[in-house]
Each structure stands twice: as structure tokens, then as C-alpha cells.
>>> print(open('input-v4.csv').read())   # CSV, C-alpha atoms
chain,number,residue,atom,x,y,z
A,1,MET,CA,15.1,18.3,-28.0
A,2,GLU,CA,17.3,20.2,-30.4
A,3,ILE,CA,18.4,23.7,-29.4
A,4,LYS,CA,21.3,25.6,-30.9
A,5,ASP,CA,23.6,28.4,-29.7
A,6,LEU,CA,23.1,31.6,-31.7
A,7,LYS,CA,25.6,34.2,-32.8
A,8,ILE,CA,25.0,37.9,-32.8
A,9,GLY,CA,27.9,40.1,-33.7
A,10,LYS,CA,30.9,39.0,-31.5
A,11,ASN,CA,28.6,37.5,-28.9
A,12,THR,CA,27.1,34.0,-28.6
A,13,VAL,CA,23.8,33.3,-26.9
A,14,TYR,CA,24.3,29.9,-25.3
A,15,ARG,CA,21.2,27.6,-25.1
A,16,ARG,CA,21.0,24.5,-22.8
A,17,TYR,CA,18.1,22.3,-21.8
A,18,PHE,CA,17.6,20.6,-18.4
A,19,PRO,CA,14.3,19.4,-17.1
A,20,VAL,CA,13.1,20.0,-13.6
A,21,ALA,CA,9.7,19.4,-11.9
A,22,LEU,CA,8.2,22.7,-13.2
A,23,ASP,CA,5.0,22.4,-11.1
A,24,ILE,CA,7.0,22.3,-7.9
A,25,LEU,CA,9.3,25.0,-9.1
A,26,THR,CA,6.3,27.2,-9.9
A,27,LYS,CA,5.0,26.7,-6.3
A,28,GLU,CA,8.4,27.6,-4.9
A,29,ILE,CA,8.4,30.8,-7.0
A,30,GLN,CA,5.0,31.7,-5.7
A,31,ALA,CA,6.0,31.0,-2.1
A,32,ASN,CA,9.1,33.1,-2.6
A,33,GLY,CA,6.8,36.2,-2.6
A,34,ASN,CA,3.3,36.5,-3.9
A,35,TYR,CA,1.8,39.7,-5.1
A,36,ASP,CA,-1.6,41.3,-4.6
A,37,ASP,CA,-3.4,40.7,-7.9
A,38,ALA,CA,-5.9,43.5,-7.6
A,39,LEU,CA,-3.3,46.0,-6.5
A,40,TRP,CA,-0.9,45.0,-9.2
A,41,LYS,CA,-3.5,45.3,-11.9
A,42,GLU,CA,-4.0,49.0,-10.8
A,43,SER,CA,-0.3,49.8,-11.0
A,44,ASN,CA,1.6,50.6,-14.1
A,45,LEU,CA,4.1,47.8,-13.6
A,46,PRO,CA,4.5,45.5,-16.6
A,47,ASN,CA,6.0,42.6,-14.6
A,48,ILE,CA,6.8,41.3,-11.1
A,49,GLN,CA,10.4,40.8,-10.0
A,50,ARG,CA,11.4,39.2,-6.8
A,51,LEU,CA,14.8,38.3,-5.4
A,52,ASN,CA,15.3,34.6,-5.0
A,53,LEU,CA,15.4,34.0,-1.2
A,54,ILE,CA,14.3,30.4,-0.8
A,55,LYS,CA,17.3,28.0,-0.6
A,56,GLY,CA,17.4,24.2,-0.7
A,57,GLY,CA,14.6,23.5,-3.2
A,58,ILE,CA,14.3,23.3,-7.0
A,59,LEU,CA,14.6,27.1,-7.3
A,60,ASP,CA,18.0,27.0,-5.6
A,61,GLY,CA,18.9,24.0,-7.9
A,62,VAL,CA,18.2,26.0,-11.0
A,63,THR,CA,20.4,28.9,-9.8
A,64,ASN,CA,23.2,26.5,-8.9
A,65,THR,CA,22.9,24.7,-12.3
A,66,ALA,CA,23.1,27.9,-14.2
A,67,ALA,CA,26.2,28.9,-12.2
A,68,ASN,CA,27.8,25.5,-12.8
A,69,VAL,CA,27.2,25.7,-16.5
A,70,ILE,CA,28.8,29.2,-16.6
A,71,LYS,CA,31.7,28.1,-14.3
A,72,HIS,CA,32.6,25.0,-16.4
A,73,GLU,CA,31.8,26.1,-19.9
A,74,LEU,CA,32.5,29.8,-19.9
A,75,TYR,CA,34.9,30.5,-17.1
A,76,LYS,CA,36.4,27.0,-17.8
A,77,ASN,CA,37.3,26.7,-14.1
A,78,GLY,CA,35.0,24.8,-11.9
A,79,ARG,CA,36.6,26.3,-8.8
A,80,GLN,CA,36.1,29.9,-9.9
A,81,ARG,CA,34.8,32.2,-7.1
A,82,TYR,CA,31.7,34.1,-8.2
A,83,VAL,CA,28.9,36.2,-6.9
A,84,GLN,CA,25.4,35.6,-8.3
A,85,TYR,CA,22.4,38.0,-8.1
A,86,SER,CA,19.2,36.1,-9.1
A,87,TRP,CA,15.5,36.8,-9.3
A,88,THR,CA,12.2,35.5,-10.7
A,89,TYR,CA,10.5,37.5,-13.4
A,90,THR,CA,6.7,37.0,-13.8
A,91,VAL,CA,4.6,38.6,-16.5
A,92,PRO,CA,0.9,37.9,-15.7
A,93,SER,CA,-1.5,37.3,-18.5
A,94,TYR,CA,-3.0,40.8,-18.2
A,95,SER,CA,0.3,42.5,-18.4
A,96,LYS,CA,0.6,45.9,-20.1
A,97,PRO,CA,3.0,45.9,-23.1
A,98,ILE,CA,6.3,47.8,-22.4
A,99,GLY,CA,9.8,47.3,-23.4
A,100,GLU,CA,13.2,48.8,-23.8
A,101,TYR,CA,16.4,47.0,-24.6
A,102,HIS,CA,18.6,46.7,-21.5
A,103,ASP,CA,21.7,45.0,-20.2
A,104,HIS,CA,22.6,43.5,-16.8
A,105,LEU,CA,26.0,45.1,-16.1
A,106,LYS,CA,24.7,46.4,-12.8
A,107,MET,CA,24.0,43.6,-10.2
A,108,GLY,CA,21.5,45.3,-7.9
A,109,PHE,CA,23.1,46.0,-4.5
A,110,VAL,CA,26.2,43.9,-5.4
A,111,LYS,CA,29.4,45.9,-6.1
A,112,ALA,CA,30.4,43.9,-9.1
A,113,LYS,CA,30.0,44.3,-12.8
A,114,GLY,CA,27.9,41.6,-14.4
A,115,GLU,CA,29.8,39.3,-16.7
A,116,TRP,CA,27.2,36.6,-17.6
A,117,SER,CA,23.4,36.7,-17.4
A,118,TRP,CA,21.1,33.8,-17.6
A,119,CYS,CA,17.3,33.0,-17.9
A,120,TYR,CA,15.6,29.7,-17.1
A,121,TYR,CA,12.2,29.4,-18.7
A,122,VAL,CA,9.6,27.9,-16.4
A,123,SER,CA,6.6,29.0,-18.5
A,124,VAL,CA,6.7,30.6,-21.9
A,125,PRO,CA,3.6,32.0,-23.8
A,126,GLU,CA,3.2,31.3,-27.4
A,127,GLU,CA,4.5,34.7,-28.4
A,128,GLY,CA,7.1,34.7,-25.6
A,129,TRP,CA,10.1,35.6,-27.6
A,130,ILE,CA,13.3,37.2,-26.4
A,131,SER,CA,15.3,39.5,-28.7
A,132,PHE,CA,19.0,40.3,-28.6
A,133,LYS,CA,20.6,43.3,-30.3
A,134,GLU,CA,24.2,44.4,-31.0
A,135,ASN,CA,25.4,47.0,-33.5
A,136,GLY,CA,22.1,47.2,-35.3
A,137,GLU,CA,21.9,43.4,-35.7
A,138,GLU,CA,19.0,41.6,-34.0
A,139,ILE,CA,18.1,38.0,-33.3
A,140,ARG,CA,14.8,36.8,-31.9
A,141,PHE,CA,13.6,33.4,-30.8
A,142,ILE,CA,11.0,31.7,-28.5
A,143,PRO,CA,12.8,29.8,-25.7
A,144,LYS,CA,11.4,26.4,-24.8
A,145,GLN,CA,10.0,25.5,-21.4
A,146,GLY,CA,12.9,24.1,-19.4
A,147,GLU,CA,15.6,26.0,-21.4
A,148,LEU,CA,18.5,27.8,-19.9
A,149,VAL,CA,19.7,30.8,-22.0
A,150,ILE,CA,23.1,32.3,-21.1
A,151,PHE,CA,24.5,35.5,-22.6
A,152,SER,CA,27.1,38.3,-22.0
A,153,SER,CA,25.7,40.7,-19.4
A,154,SER,CA,26.6,43.6,-21.8
A,155,LEU,CA,24.4,42.2,-24.6
A,156,LEU,CA,21.2,44.3,-25.0
A,157,HIS,CA,18.1,42.2,-24.8
A,158,LEU,CA,14.3,42.5,-24.6
A,159,PRO,CA,11.7,40.0,-23.6
A,160,ASN,CA,8.4,40.3,-25.4
A,161,PRO,CA,6.0,41.6,-22.8
A,162,ALA,CA,3.0,41.4,-25.1
A,163,PRO,CA,-0.2,40.3,-23.3
A,164,SER,CA,-0.9,36.6,-23.5
A,165,PRO,CA,-3.4,34.2,-21.9
A,166,GLU,CA,-0.5,32.5,-20.3
A,167,GLU,CA,1.9,33.8,-17.6
A,168,ARG,CA,5.6,34.1,-18.5
A,169,ILE,CA,7.7,32.9,-15.6
A,170,VAL,CA,11.5,33.1,-15.7
A,171,VAL,CA,14.2,32.5,-13.1
A,172,ALA,CA,17.1,34.8,-14.0
A,173,GLY,CA,20.4,35.9,-12.7
A,174,THR,CA,23.7,37.7,-13.3
A,175,ILE,CA,27.1,36.3,-12.4
A,176,SER,CA,30.5,37.9,-12.0
A,177,SER,CA,33.8,36.3,-11.1
A,178,VAL,CA,35.3,37.5,-7.8
A,179,ASN,CA,39.0,38.0,-7.1
A,180,ILE,CA,39.3,37.9,-3.4
A,181,LYS,CA,42.8,39.6,-3.5
A,182,GLU,CA,41.4,42.6,-5.4
A,183,ASN,CA,38.0,43.0,-3.9
A,184,ASN,CA,37.5,43.7,-0.2
A,185,THR,CA,33.8,43.4,-0.3
A,186,ILE,CA,31.0,42.6,-2.8
A,187,LEU,CA,28.3,44.5,-0.9
>>> encode(input="input-v4.csv", output="C-alpha cells")
Amino acid sequence: MEIKDLKIGKNTVYRRYFPVALDILTKEIQANGNYDDALWKESNLPNIQRLNLIKGGILDGVTNTAANVIKHELYKNGRQRYVQYSWTYTVPSYSKPIGEYHDHLKMGFVKAKGEWSWCYYVSVPEEGWISFKENGEEIRFIPKQGELVIFSSSLLHLPNPAPSPEERIVVAGTISSVNIKENNTIL
């Protein structure tokens, strides 16, 4: 499978492919926290986000693989200490369209500034593109199932939330290096 890194302004969007048992990963994501379908349909939420809490399975393997790619290819130091904040992002088939470009500089409850963000595509609808924007320049592509996309946490991006007959399921995260001598705590 040929996938190529993409340039936008001074940034690069890195693209890697690694296969996992997607059917088992999907079950782990569902076990990580289900949602009440009827209640969710009544809400105005466009998607469902859950923190990744299950450890030791394929979901944990995906987050570890993403971290290892970043450590070895971008930090260029496999022993780099880091903090990772990760979640699953599910857009059901009956989702309401929304969307604003956003970044991932904030890492939830973690007191660190995001440096690298990543998305692993478990399920991608036919129109499931992601768009990146910098200084008026925009690139858009449809990730492939099993693809890992890594980008600077400051890079503005927008997934296409358009309704589709298929669910969009993504495992995502943000990573920041940690200097133990400078930071007393990360929480």
C-alpha cells in the first residue's frame, strides 16, 4: 500500500501504515465505553469521544506504536520520556454535520503543551477526509483503514463529519516530551 507524507507550509503530515486485527480493536473500543444510542441521537453532539482506559490489548498496542513512531522518527530518541493523552473518536452514521478547524496544543487534564498529534484509522467512510490548514493553504485526503497519521499539534485540522452510512472510528492522541528536571508534575 503506497501512502506518502504531505507538506503544508512548514509542516509535514506523516503517514504510516500498520495492520492490526481491526475487528478485535473495534470490540475493545466499544468495551472501553459504550454510549446510549437513543440518548445520543437526541443530543446535539456530532461525535462520541472517550479516553482510552483499557490497557494490554490491541487498543493499547496502537497507542504504543504511535508513541514509538514519534519517539524514533520525530524525537529521534527512543529513550525520550513523554506523556500521552489518547482517546477514541467515533462518528456514528447518523451524525449531524459540524466542524471547525482546531489544534491539539491542550492535552486535557495534562499540564503539558501538545507537540505531536496522531490518528489511527479503524473505520473510514467513503467521504471520510481530513483537512489540514496553515496560512491559508489547505490539504485534504481520505486516510486508509489501518493508517497512522502524525502531525504537529499546532497544525489546524478538521475531520469531515458529514453523515455517512458507515461509522468513522479513530484512535487518536497527543504526545509531549517531558523533562523531569524542569517539570514537577504533569497533572
>>> residues_near_point(input="input-v4.csv", point="(18.2, 31.2, -26.5)", cutoff="9 Å", atoms="all atoms listed in the file", output="mmCIF file with C-alpha atoms, keeping the file's coordinate frame")
data_model
loop_
_atom_site.group_PDB
_atom_site.id
_atom_site.type_symbol
_atom_site.label_atom_id
_atom_site.label_comp_id
_atom_site.auth_asym_id
_atom_site.auth_seq_id
_atom_site.Cartn_x
_atom_site.Cartn_y
_atom_site.Cartn_z
ATOM 1 C CA ILE A 3 18.400 23.700 -29.400
ATOM 2 C CA LYS A 4 21.300 25.600 -30.900
ATOM 3 C CA ASP A 5 23.600 28.400 -29.700
ATOM 4 C CA LEU A 6 23.100 31.600 -31.700
ATOM 5 C CA VAL A 13 23.800 33.300 -26.900
ATOM 6 C CA TYR A 14 24.300 29.900 -25.300
ATOM 7 C CA ARG A 15 21.200 27.600 -25.100
ATOM 8 C CA ARG A 16 21.000 24.500 -22.800
ATOM 9 C CA CYS A 119 17.300 33.000 -17.900
ATOM 10 C CA ILE A 130 13.300 37.200 -26.400
ATOM 11 C CA ARG A 140 14.800 36.800 -31.900
ATOM 12 C CA PHE A 141 13.600 33.400 -30.800
ATOM 13 C CA ILE A 142 11.000 31.700 -28.500
ATOM 14 C CA PRO A 143 12.800 29.800 -25.700
ATOM 15 C CA LYS A 144 11.400 26.400 -24.800
ATOM 16 C CA GLU A 147 15.600 26.000 -21.400
ATOM 17 C CA LEU A 148 18.500 27.800 -19.900
ATOM 18 C CA VAL A 149 19.700 30.800 -22.000
ATOM 19 C CA ILE A 150 23.100 32.300 -21.100
ATOM 20 C CA PHE A 151 24.500 35.500 -22.600
#
>>> closest_residue(input="input-v4.csv", among="A:Gly173, A:Gly56, A:Gly146, A:Gly61", to="Val124 of chain A", atoms="only C-alpha atoms")
A:Gly146
>>> closest_residue(input="input-v4.csv", among="A:Ser152, A:Ser131, A:Thr88, A:Ser117", to="Val170 of chain A", atoms="all atoms listed in the file")
A:Thr88
>>> closest_residue(input="input-v4.csv", among="A:Leu22, A:Tyr120, A:Ile175, A:His102", to="His157 of chain A", atoms="all atoms listed in the file")
A:His102
>>> atom_distance(input="input-v4.csv", atom1="atom CA of Glu28 of chain A", atom2="atom CA of Ser153 of chain A")
26.1 Å
>>> atom_distance(input="input-v4.csv", atom1="atom CA of Tyr85 of chain A", atom2="atom CA of Glu126 of chain A")
28.0 Å
>>> atom_distance(input="input-v4.csv", atom1="atom CA of Val62 of chain A", atom2="atom CA of Ala172 of chain A")
9.4 Å
>>> residues_near_point(input="input-v4.csv", point="(24.9, 33.6, -8.9)", cutoff="10 Å", atoms="only C-alpha atoms", output="number ranges by chain")
A: 63-68, 70, 82-87, 116-118, 172-177
>>> closest_residue(input="input-v4.csv", among="A:Phe132, A:Ile139, A:Glu166, A:Asn179", to="Glu100 of chain A", atoms="only C-alpha atoms")
A:Phe132
>>> closest_residue(input="input-v4.csv", among="A:Thr90, A:Ser164, A:Gln80, A:Gln145", to="Pro19 of chain A", atoms="only C-alpha atoms")
A:Gln145
>>> residues_around(input="input-v4.csv", residues="Lys133 of chain A", least_positions_apart="3", cutoff="9 Å", atoms="all atoms listed in the file", output="VMD selection string")
chain A and resid 8 to 9 101 136 to 140 155 to 158
>>> write_last_selection(input="input-v4.csv", atoms="C-alpha atoms", output="PDB file, in the coordinates of the input")
ATOM      1  CA  ILE A   8      25.000  37.900 -32.800  1.00  0.00           C
ATOM      2  CA  GLY A   9      27.900  40.100 -33.700  1.00  0.00           C
ATOM      3  CA  TYR A 101      16.400  47.000 -24.600  1.00  0.00           C
ATOM      4  CA  GLY A 136      22.100  47.200 -35.300  1.00  0.00           C
ATOM      5  CA  GLU A 137      21.900  43.400 -35.700  1.00  0.00           C
ATOM      6  CA  GLU A 138      19.000  41.600 -34.000  1.00  0.00           C
ATOM      7  CA  ILE A 139      18.100  38.000 -33.300  1.00  0.00           C
ATOM      8  CA  ARG A 140      14.800  36.800 -31.900  1.00  0.00           C
ATOM      9  CA  LEU A 155      24.400  42.200 -24.600  1.00  0.00           C
ATOM     10  CA  LEU A 156      21.200  44.300 -25.000  1.00  0.00           C
ATOM     11  CA  HIS A 157      18.100  42.200 -24.800  1.00  0.00           C
ATOM     12  CA  LEU A 158      14.300  42.500 -24.600  1.00  0.00           C
TER      13      LEU A 158
END
>>> closest_residue(input="input-v4.csv", among="A:Val20, A:Glu115, A:Asp60, A:Val91", to="Tyr75 of chain A", atoms="all atoms listed in the file")
A:Glu115
>>> build_atoms(input="input-v4.csv", residues="segment 112-135 of chain A", atoms="N, CA and C atoms", output="PDB file, keeping the file's coordinate frame")
ATOM      1  N   ALA A 112      29.697  44.618  -8.066  1.00  0.00           N
ATOM      2  CA  ALA A 112      30.400  43.900  -9.100  1.00  0.00           C
ATOM      3  C   ALA A 112      29.769  44.174 -10.426  1.00  0.00           C
ATOM      4  N   LYS A 113      30.551  44.106 -11.478  1.00  0.00           N
ATOM      5  CA  LYS A 113      30.000  44.300 -12.800  1.00  0.00           C
ATOM      6  C   LYS A 113      29.597  42.954 -13.374  1.00  0.00           C
ATOM      7  N   GLY A 114      28.357  42.855 -13.829  1.00  0.00           N
ATOM      8  CA  GLY A 114      27.900  41.600 -14.400  1.00  0.00           C
ATOM      9  C   GLY A 114      28.694  41.158 -15.574  1.00  0.00           C
ATOM     10  N   GLU A 115      29.012  39.865 -15.618  1.00  0.00           N
ATOM     11  CA  GLU A 115      29.800  39.300 -16.700  1.00  0.00           C
ATOM     12  C   GLU A 115      28.877  38.389 -17.596  1.00  0.00           C
ATOM     13  N   TRP A 116      28.096  37.527 -16.929  1.00  0.00           N
ATOM     14  CA  TRP A 116      27.200  36.600 -17.600  1.00  0.00           C
ATOM     15  C   TRP A 116      25.809  36.687 -17.030  1.00  0.00           C
ATOM     16  N   SER A 117      24.818  36.704 -17.884  1.00  0.00           N
ATOM     17  CA  SER A 117      23.400  36.700 -17.400  1.00  0.00           C
ATOM     18  C   SER A 117      22.770  35.424 -17.954  1.00  0.00           C
ATOM     19  N   TRP A 118      21.722  34.992 -17.257  1.00  0.00           N
ATOM     20  CA  TRP A 118      21.100  33.800 -17.600  1.00  0.00           C
ATOM     21  C   TRP A 118      19.564  33.854 -17.336  1.00  0.00           C
ATOM     22  N   CYS A 119      18.792  33.084 -18.086  1.00  0.00           N
ATOM     23  CA  CYS A 119      17.300  33.000 -17.900  1.00  0.00           C
ATOM     24  C   CYS A 119      16.972  31.491 -17.993  1.00  0.00           C
ATOM     25  N   TYR A 120      16.173  31.011 -17.045  1.00  0.00           N
ATOM     26  CA  TYR A 120      15.600  29.700 -17.100  1.00  0.00           C
ATOM     27  C   TYR A 120      14.133  29.795 -17.286  1.00  0.00           C
ATOM     28  N   TYR A 121      13.604  29.226 -18.353  1.00  0.00           N
ATOM     29  CA  TYR A 121      12.200  29.400 -18.700  1.00  0.00           C
ATOM     30  C   TYR A 121      11.298  28.363 -18.095  1.00  0.00           C
ATOM     31  N   VAL A 122      10.499  28.796 -17.132  1.00  0.00           N
ATOM     32  CA  VAL A 122       9.600  27.900 -16.400  1.00  0.00           C
ATOM     33  C   VAL A 122       8.257  27.829 -17.208  1.00  0.00           C
ATOM     34  N   SER A 123       7.792  28.968 -17.691  1.00  0.00           N
ATOM     35  CA  SER A 123       6.600  29.000 -18.500  1.00  0.00           C
ATOM     36  C   SER A 123       6.745  30.076 -19.559  1.00  0.00           C
ATOM     37  N   VAL A 124       6.470  29.677 -20.792  1.00  0.00           N
ATOM     38  CA  VAL A 124       6.700  30.600 -21.900  1.00  0.00           C
ATOM     39  C   VAL A 124       5.409  30.644 -22.766  1.00  0.00           C
ATOM     40  N   PRO A 125       4.817  31.853 -22.895  1.00  0.00           N
ATOM     41  CA  PRO A 125       3.600  32.000 -23.800  1.00  0.00           C
ATOM     42  C   PRO A 125       3.994  31.751 -25.224  1.00  0.00           C
ATOM     43  N   GLU A 126       2.986  31.536 -26.013  1.00  0.00           N
ATOM     44  CA  GLU A 126       3.200  31.300 -27.400  1.00  0.00           C
ATOM     45  C   GLU A 126       3.987  32.336 -28.145  1.00  0.00           C
ATOM     46  N   GLU A 127       3.778  33.583 -27.769  1.00  0.00           N
ATOM     47  CA  GLU A 127       4.500  34.700 -28.400  1.00  0.00           C
ATOM     48  C   GLU A 127       5.603  35.212 -27.419  1.00  0.00           C
ATOM     49  N   GLY A 128       6.145  34.342 -26.591  1.00  0.00           N
ATOM     50  CA  GLY A 128       7.100  34.700 -25.600  1.00  0.00           C
ATOM     51  C   GLY A 128       8.532  34.811 -26.004  1.00  0.00           C
ATOM     52  N   TRP A 129       8.778  35.486 -27.120  1.00  0.00           N
ATOM     53  CA  TRP A 129      10.100  35.600 -27.600  1.00  0.00           C
ATOM     54  C   TRP A 129      11.022  36.447 -26.775  1.00  0.00           C
ATOM     55  N   ILE A 130      12.326  36.300 -26.973  1.00  0.00           N
ATOM     56  CA  ILE A 130      13.300  37.200 -26.400  1.00  0.00           C
ATOM     57  C   ILE A 130      14.169  37.661 -27.605  1.00  0.00           C
ATOM     58  N   SER A 131      14.544  38.920 -27.582  1.00  0.00           N
ATOM     59  CA  SER A 131      15.300  39.500 -28.700  1.00  0.00           C
ATOM     60  C   SER A 131      16.649  40.013 -28.124  1.00  0.00           C
ATOM     61  N   PHE A 132      17.718  39.840 -28.911  1.00  0.00           N
ATOM     62  CA  PHE A 132      19.000  40.300 -28.600  1.00  0.00           C
ATOM     63  C   PHE A 132      19.496  41.284 -29.681  1.00  0.00           C
ATOM     64  N   LYS A 133      20.232  42.329 -29.287  1.00  0.00           N
ATOM     65  CA  LYS A 133      20.600  43.300 -30.300  1.00  0.00           C
ATOM     66  C   LYS A 133      22.076  43.771 -30.014  1.00  0.00           C
ATOM     67  N   GLU A 134      22.840  43.846 -31.121  1.00  0.00           N
ATOM     68  CA  GLU A 134      24.200  44.400 -31.000  1.00  0.00           C
ATOM     69  C   GLU A 134      24.564  45.008 -32.363  1.00  0.00           C
ATOM     70  N   ASN A 135      25.011  46.265 -32.292  1.00  0.00           N
ATOM     71  CA  ASN A 135      25.400  47.000 -33.500  1.00  0.00           C
ATOM     72  C   ASN A 135      24.428  46.953 -34.620  1.00  0.00           C
TER      73      ASN A 135
END
